[in-house]
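See structure below.
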Amino acid sequence: MARRRNNVVALAILVVIFASCARYASAVGGTPHSDFSYKVGDPDGPDKWATLQKDWAICGSGKKQSPIDVAKVEVSKDLGPLEPTYKARAAVVQNRGHDFMLNWTARNGDLSIEGKKYTLLQVHWHAPSEHTVNGTHLDAEMHMVHEESATKSKAVVAVLFSTKAGTPSKLLGDLKPYFERLSGKTNDTEEVKGTVDPSTWIDKASGYYRYEGSLTTPPCTEGVLWTIMSKVEDASKEEVDSIDRVKKSSTQPNARPTQKINSRIIRYYKAGATEAPASAPAPAPAPAPGPT
Ligand SMILES: [Zn+2]
C-alpha cells in the first residue's frame with residue numbers, strides 16, 4: 001500500500017514536471033516542428049497546416065496571418081523609435097527540426113512597443129525570408145520573439161538579410177559554428193560560449209514597418225504585433241546556408257508562403273521621415289539598346 005502511494009506521488013510529480021515543460025515550450029513559441037513541413041503540396045505542407053490539428057484551423061481561416069508581402073505602406077509619425085534594453089546573458093542554441101532557435105537562460109531585457117513592455121524570449125532564423133518586399137524574398141530573416149508577461153501577447157521584430165554584397169554578418173558569423181554542429185540533430189542543444197548580447201541586433205537608425213499578424217508556424221495564433229526593420233542587413237552565402245541546414249546536410253527552405261493582407265494596413269516609421277522608403281528592390285537594368 002505504501003509503495004502504491006509512493007507511486008502515485010511520483011506520478012503526480014511527473015505530471016507537474018511535464019505540465020511545466022509544456023508551458024515553457026509554448027511560452028517560447030514551440031510547437032514540435034516535426035509535426036509539419038514547409039513544402040507546398042506535401043501532405044503536411046503549409047497549404048494543409050489548417051487541417052493537421054484541430055487548433056491549427058486558423059492557419060487557413062485567419063484573416064490576419066503572417067508573413068505578408070510588404071508593398072503599400074502608410075507613414076506614421078506616432079509610432080516612435082524602438083528602444084530596447086537588451087542585456088548580454090548566457091544562451092543556448094537548439095535545433096527545433098525546422099529551424100535553429102537561440103534561447104537565453106535568464107531574463108535579458110525588454111522592448112517597449114506602443115506602451116506595452118515585451119520581454120525578449122527567443123530568436124530563430126528562416127531562409128529564405130518569410131516576409132517579402134514588393135514581392136521579392138530576401139535571403140534570410142531573423143525573428144526576435146517577445147512576450148508581454150501579463151497578457152502573454154507576442155511581438156516579433158524581424159530583421160532581413162541579403163547576401164548580395166557578400167559581406168559577412170557578425171551576428172550570424174558568431175552563431176554559424178553552432179548551426180553547423182547542430183545540423184541534422186533535431187532537438188539537440190548546445191550552450192553558447194560566454195554570453196549573447198542582442199543589444200546591437202536592432203539597428204536604431206533603421207526605419208521599420210508595423211502590422212498586426214500571426215505566428216508563422218502552427219498554431220498560427222493571431223494577435224502578434226510585427227515590426228520589420230526596413231534596413232536590410234548583410235550576410236554571407238555561407239552564413240545563410242548554415243541557417244538552411246537544419247536537416248541533414250542539404251539546404252532546406254523554412255519559410256511559410258506569404259498570406260493575404262486583407263483589410264490590414266502596414267505602417268512605416270523612421271525618425272523625420274515623411275515619405276515611405278524607396279523599398280522596392282532595384283529593377284534589373286534595361287538592356288542596352290542594340291545597334292539600329
Ligand atoms: Zn519565425
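Note on naming: chains are A, B, ... as they come in the C-alpha cells, residues start from 1 per chain, ligands start from 1 in the order shown.
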message: Which residues are near A:Glu275? Cut-off 9 Å, only C-alpha atoms, ignore same chain within fewer than 2 positions. Put them as a PyMOL selection string.
response: chain A and resi 74-75+268+273+277-278
Write a file of the just-selected residues containing C-alpha atoms, as a CSV table (one decimal), in the first residue's frame.
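The result, stored in again_26.csv:
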```csv
chain,number,residue,atom,x,y,z
A,74,GLU,CA,1.4,54.4,-44.6
A,75,VAL,CA,3.9,56.7,-43.0
A,268,TYR,CA,6.1,52.8,-41.6
A,273,ALA,CA,10.6,60.6,-42.5
A,277,PRO,CA,11.0,54.3,-48.1
A,278,ALA,CA,12.2,53.5,-51.6
```
Expected selection as a PDB file with N, CA and C atoms, in the first residue's frame for ligand 1 within 7 Å, only C-alpha atoms and all ligand atoms:
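Result file result_16.pdb:
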```pdb
ATOM      1  N   HIS A 124      14.982  33.097 -33.667  1.00  0.00           N
ATOM      2  CA  HIS A 124      15.211  31.989 -34.599  1.00  0.00           C
ATOM      3  C   HIS A 124      15.307  32.536 -36.010  1.00  0.00           C
ATOM      4  N   TRP A 125      15.677  31.665 -36.943  1.00  0.00           N
ATOM      5  CA  TRP A 125      16.013  32.122 -38.290  1.00  0.00           C
ATOM      6  C   TRP A 125      15.267  31.347 -39.360  1.00  0.00           C
ATOM      7  N   HIS A 126      14.922  32.073 -40.438  1.00  0.00           N
ATOM      8  CA  HIS A 126      14.284  31.478 -41.615  1.00  0.00           C
ATOM      9  C   HIS A 126      15.135  31.799 -42.845  1.00  0.00           C
ATOM     10  N   HIS A 143      13.839  36.263 -36.535  1.00  0.00           N
ATOM     11  CA  HIS A 143      12.670  36.637 -35.726  1.00  0.00           C
ATOM     12  C   HIS A 143      13.055  36.731 -34.254  1.00  0.00           C
ATOM     13  N   THR A 216       4.113  32.471 -37.582  1.00  0.00           N
ATOM     14  CA  THR A 216       4.232  31.939 -38.951  1.00  0.00           C
ATOM     15  C   THR A 216       4.393  30.418 -38.952  1.00  0.00           C
TER      16      THR A 216
END
```
task: Just give me the gap between atom CA of A:Thr119 and atom CA of A:Val224 in Å, one decimal is fine.
output: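 Going from atom CA of A:Thr119 over to atom CA of A:Val224, I get 13.8 Å.
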task: Tell me which of A:Leu175, A:Val123, A:Cys220, A:Val70 sits closest to A:Ala50, counting only C-alpha atoms.
output: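 The closest residue to A:Ala50 is A:Cys220.
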field: Straight-line distance linking atom CA of A:Trp226 with atom CA of A:Ala165, stated in Å to one decimal
entry: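 Interatomic distance here is 26.7 Å.
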- prompt: Any idea what's packed within 8 Å of A:Gln94, counting only C-alpha atoms, ignoring anything in its chain fewer than 3 positions away? Could you give it as a PyMOL selection string?
  reply: chain A and resi 100-103+182+187-190
- request: For stretch 33-47 of chain A, list every protein, DNA or RNA residue within 6 Å, evaluated using only C-alpha atoms, and leave out those in the same chain fewer than 2 positions away; present the list as a ChimeraX atom specification.
  value: /A:31,49,97-98,254
message: Counting only C-alpha atoms, which residue out of A:Pro84, A:Ile68, A:Ser199, A:Val192 sits closest to A:Asn134?
response: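 Once distances to A:Asn134 are computed over only C-alpha atoms, the minimum belongs to A:Ile68.
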- request: Find the residues near A:Asp69: any atom within 6 Å, counting only C-alpha atoms, skip ones fewer than 3 places away on the same chain, and give them as a list in words.
  value: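 What passes the distance filter is His131, Thr132, Val133 and Gly135 of chain A.
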field: Nearby residues (only C-alpha atoms) at most 12 Å from stretch 172-174 of chain A, same-chain spacing under 4 positions excluded, as a VMD selection string
entry: chain A and resid 93 100 102 123 to 125 140 to 142 159 161 167 to 168 178 to 180 192 to 198 201 233 to 243
